Amino acid sequence: MFPGAWRVPPARGSRYGATELFLRTATLGPTLLALCACGPAAPTYYQQVKPILDSRCITCHTAGAIAPFALDSYPSAKARAQAAASATAAGLMPPWRAGAADVTYLYNPSLTDDQKATLAAWAKAGAPEGDKARPGADLPKLAGGIQRVDLTLAMQQPYAPTLSPDDYRCFPLVWPETTPVFVTGFDALPGVTAMVHHVALYLVPPDSAQAPFQWDAEDTAPGYSCFGGPFGNRPQEFAVNLLTAWIPGTQGVTFPRNGGVPVPPGATVVIQMHYNTAASLQPDQSSFQFQLASSVDRQMVYQPFLDPGWVAGQMNIPAGATNVPFLYQADPRDFFSLLGSTLDTTNGFNIEAVMFHMHKLGAEGQLWLERPDHTHVKVLDISNWDFHWQLQYSLETPVRFQPGDQLRLKCVFDNSPGRISTVKDVNWGEGSEDEMCVANILSSR
Ligand code: HEC
């Protein structure tokens with residue numbers, strides 16, 4: 001309300017008194033505004049845009065971090081205003097590939113529709129700066145992340161990547177704990193922040209614990225080359241479970257619902273580093289922080305779900321084919337116990353989180369739970385798979401697999417020219433030009 005309103009004299013010849021005129025103008029106000037060509041004020045950088053970028057983008061989009069350009073100042077954000085609007089509208093940024101499902105996820109960094117609209121309107125208006133002296137309120141940072149560091153392990157020696165633009169390198173680490181413990185949180189401290197794109201940790205059980213050190217010794221440089229998993233190009237000879245995975249720009253990993261993954265003494269932890277060398281090529285010596293607990297509310301393990309037939313050679317993806325779906329439906333529990341799972345799933349299990357794994361031909365991936373009455377729960381739906389962003393999707397409320405239920409896994413591949421070095425038939429394998437389709441399911445009893 002404007003304070004001078006009461007002093008407006010009655011218009012000459014008007015049938016209305018001052019008060020009445022004011023009231024009528026006030027009701028007409030919104031209509032008049034809408035008629036006015038100026039429209040609602042465009043969002044400005046300091047008032048509306050900076051809080052969004054600060055809370056959702058700049059952990060990666062700042063000098064020296066993983067993203068190829070900064071978004072942490074007015075000039076840098078203005079230069080990318082249109083790209084930021086497009087990338088967020090398309091759901092490509094911040095990286096999060098889970099589409100709508102029948103579950104909600106923890107730590108989802110996606111922008112709200114209002115926030116996307118703000119970035120779009122700002123770009124359209126020419127990215128106005130606004131008033132630096134009256135900044136918009138900070139938005140809350142994403143929840144989650146490690147709370148305590150109980151153990152720090154580091155790569156023994158620096159490693160200078162040689163493969164470009166992507167070098168996948170595995171480093172076996174001796175697990176120093178002498179009693180059984182649970183890993184309840186993890187964070188990576190990259191040596192060269194701009195280069196470390198992804199870290200995956202695999203747990204090798206004590207009776208196979210020496211093998212990765214042997215592979216390391218056979219390779220003259222530190223560590224050994226490994227693309228799809230801890231075996232590199234070797235055949236998978238023993239069971240290895242995922243321990244956790246990390247991507248830059250996050251505050252680290254915590255397991256949902258006070259859960260943790262057990263690690264026995266004598267195990268080996270193989271750290272798979274994905275170096276993206278497009279931005280930087282320097283020797284890296286990263287270290288890794290673990291949060292540990294001697295007991296947890298829920299013991300959790302990753303159980304891989306896939307069609308054993310695929311591994312046996314039944315995953316032919318013909319050269320040039322653009323849309324090759326593979327579907328598998330089963331009770332996964334036999335397969336879990338075949339792999340020596342430490343979790344008793346006789347009475348069912350909880351799906352706590354899912355990490356999908358495909359290689360470079362991957363296009364789509366879905367995981368459903370099928371009930372005996374044919375109703376289903378869609379747990380994860382990725383329609384724009386990006387090999388570079390293999391995230392863990394943790395469920396706010398776990399989905400319970402009951403005896404009688406089945407899991408249904410679907411992967412769709414695109415083998416069109418340009419996806420890998422040459423156009424050729426592709427089948428299952430660990431190599432960078434082979435394929436895989438795995439749903440790693442973080443499960444609890
Ligand atoms: C987890 C790290 C991370 C976060 C968080 C992140 N980005 Fe990115 N962004 C990247 C990386 C890395 C690239 C380079 C392309 C790639 O690897 O996908 C990129 C690329 C982009 C691009 C170029 C897209 C293209 O098509 O090439 C834009 C625009 C962008 N980001 C905007 C944003 C905005 C806006 C936000 C926040 C709403 C954001 N990013 C959050 C890491 C991140």
# chains A, B, ... in the order shown; residues from 1 in each chain; ligands from 1
$ residues_near_ligand --ligand "ligand 1" --cutoff "7 Å" --atoms "only C-alpha atoms and all ligand atoms" --output "ChimeraX atom specification"
/A:52-53,56-61,66-68,80,83-88,93-95,111,247-250,388
$ atom_distance --atom1 "atom CA of Gly232 of chain A" --atom2 "atom CA of Val183 of chain A"
24.7 Å
$ residues_around --residues "Leu367 of chain A" --least-positions-apart "4" --cutoff "7 Å" --atoms "only C-alpha atoms" --output "PyMOL selection string"
chain A and resi 378-381+408-410
$ write_last_selection --atoms "all heavy atoms" --output "compact mmCIF listing (two decimals), in the first residue's frame"
# COMPACT_ATOMS: atom_id res chain seq x y z
N LYS A 378 8.01 -49.00 -9.12
CA LYS A 378 9.16 -48.55 -9.91
C LYS A 378 10.18 -47.92 -8.95
O LYS A 378 9.91 -46.92 -8.30
CB LYS A 378 8.72 -47.53 -10.95
CG LYS A 378 9.80 -47.28 -11.99
CD LYS A 378 9.54 -46.02 -12.78
CE LYS A 378 8.65 -46.25 -13.98
NZ LYS A 378 8.43 -44.97 -14.69
N VAL A 379 11.34 -48.56 -8.86
CA VAL A 379 12.35 -48.13 -7.88
C VAL A 379 13.31 -47.12 -8.50
O VAL A 379 13.75 -46.17 -7.84
CB VAL A 379 13.13 -49.35 -7.35
CG1 VAL A 379 14.18 -48.94 -6.34
CG2 VAL A 379 12.16 -50.37 -6.73
N LEU A 380 13.66 -47.32 -9.77
CA LEU A 380 14.60 -46.39 -10.41
C LEU A 380 14.32 -46.35 -11.90
O LEU A 380 14.11 -47.40 -12.52
CB LEU A 380 16.05 -46.84 -10.16
CG LEU A 380 17.16 -45.90 -10.66
CD1 LEU A 380 17.10 -44.54 -9.96
CD2 LEU A 380 18.53 -46.52 -10.43
N ASP A 381 14.32 -45.16 -12.46
CA ASP A 381 14.07 -44.99 -13.89
C ASP A 381 15.03 -43.94 -14.44
O ASP A 381 14.89 -42.75 -14.16
CB ASP A 381 12.61 -44.56 -14.11
CG ASP A 381 12.25 -44.52 -15.59
OD1 ASP A 381 13.16 -44.68 -16.43
OD2 ASP A 381 11.06 -44.36 -15.89
N ARG A 408 12.57 -56.80 -11.61
CA ARG A 408 12.63 -56.69 -13.07
C ARG A 408 13.63 -55.60 -13.43
O ARG A 408 13.53 -54.46 -12.95
CB ARG A 408 11.24 -56.34 -13.62
CG ARG A 408 11.21 -56.14 -15.11
CD ARG A 408 9.93 -56.66 -15.77
NE ARG A 408 8.70 -56.16 -15.17
CZ ARG A 408 7.93 -55.22 -15.73
NH1 ARG A 408 8.26 -54.66 -16.87
NH2 ARG A 408 6.81 -54.85 -15.13
N LEU A 409 14.60 -55.98 -14.24
CA LEU A 409 15.68 -55.06 -14.62
C LEU A 409 15.67 -54.87 -16.12
O LEU A 409 15.54 -55.84 -16.87
CB LEU A 409 17.02 -55.69 -14.19
CG LEU A 409 18.31 -55.01 -14.64
CD1 LEU A 409 18.47 -53.65 -13.98
CD2 LEU A 409 19.51 -55.90 -14.30
N LYS A 410 15.78 -53.64 -16.56
CA LYS A 410 15.83 -53.38 -18.00
C LYS A 410 16.98 -52.43 -18.32
O LYS A 410 17.15 -51.40 -17.63
CB LYS A 410 14.51 -52.74 -18.45
CG LYS A 410 14.42 -52.55 -19.96
CD LYS A 410 13.09 -51.89 -20.32
CE LYS A 410 12.99 -51.65 -21.82
NZ LYS A 410 11.81 -50.85 -22.16
$ residues_around --residues "Val174 of chain A" --least-positions-apart "3" --cutoff "10 Å" --atoms "only C-alpha atoms" --output "PyMOL selection string"
chain A and resi 153+171+177+209-210+213+265-270
$ write_last_selection --atoms "N, CA, C and O atoms" --output "compact mmCIF listing (two decimals), in the first residue's frame"
# COMPACT_ATOMS: atom_id res chain seq x y z
N LEU A 153 42.83 -43.39 4.53
CA LEU A 153 43.77 -44.19 3.73
C LEU A 153 44.15 -43.35 2.52
O LEU A 153 43.37 -42.51 2.07
N PHE A 171 43.54 -49.04 -7.40
CA PHE A 171 44.59 -49.07 -6.38
C PHE A 171 44.12 -49.93 -5.21
O PHE A 171 43.20 -49.54 -4.49
N GLU A 177 42.03 -52.32 9.76
CA GLU A 177 41.28 -52.64 10.98
C GLU A 177 41.46 -54.11 11.34
O GLU A 177 41.41 -54.97 10.47
N ALA A 209 42.18 -61.65 -1.00
CA ALA A 209 42.69 -60.29 -0.77
C ALA A 209 44.02 -60.00 -1.45
O ALA A 209 44.35 -58.84 -1.71
N GLN A 210 44.81 -61.05 -1.76
CA GLN A 210 46.13 -60.81 -2.37
C GLN A 210 46.06 -60.53 -3.86
O GLN A 210 46.97 -59.89 -4.42
N PHE A 213 46.74 -57.06 -5.36
CA PHE A 213 48.13 -56.60 -5.19
C PHE A 213 49.03 -57.24 -6.25
O PHE A 213 49.97 -56.61 -6.73
N PRO A 265 38.21 -58.03 8.95
CA PRO A 265 39.66 -57.83 8.96
C PRO A 265 40.29 -58.71 7.89
O PRO A 265 39.77 -59.77 7.58
N GLY A 266 41.37 -58.23 7.30
CA GLY A 266 42.04 -59.01 6.26
C GLY A 266 41.50 -58.78 4.87
O GLY A 266 42.01 -59.34 3.90
N ALA A 267 40.46 -57.95 4.73
CA ALA A 267 39.91 -57.65 3.40
C ALA A 267 40.84 -56.66 2.68
O ALA A 267 41.71 -56.05 3.28
N THR A 268 40.65 -56.58 1.38
CA THR A 268 41.33 -55.55 0.60
C THR A 268 40.26 -54.62 0.04
O THR A 268 39.22 -55.09 -0.43
N VAL A 269 40.54 -53.32 0.11
CA VAL A 269 39.64 -52.36 -0.53
C VAL A 269 40.30 -51.90 -1.82
O VAL A 269 41.43 -51.40 -1.79
N VAL A 270 39.63 -52.14 -2.94
CA VAL A 270 40.17 -51.66 -4.22
C VAL A 270 39.46 -50.36 -4.56
O VAL A 270 38.23 -50.31 -4.63
$ residues_around --residues "segment 288-305 of chain A" --least-positions-apart "3" --cutoff "9 Å" --atoms "only C-alpha atoms" --output "PyMOL selection string"
chain A and resi 146-155+179-190+241-244+254-255+257-262+332+335-336+339+341-343+352-354+407+409+437-445
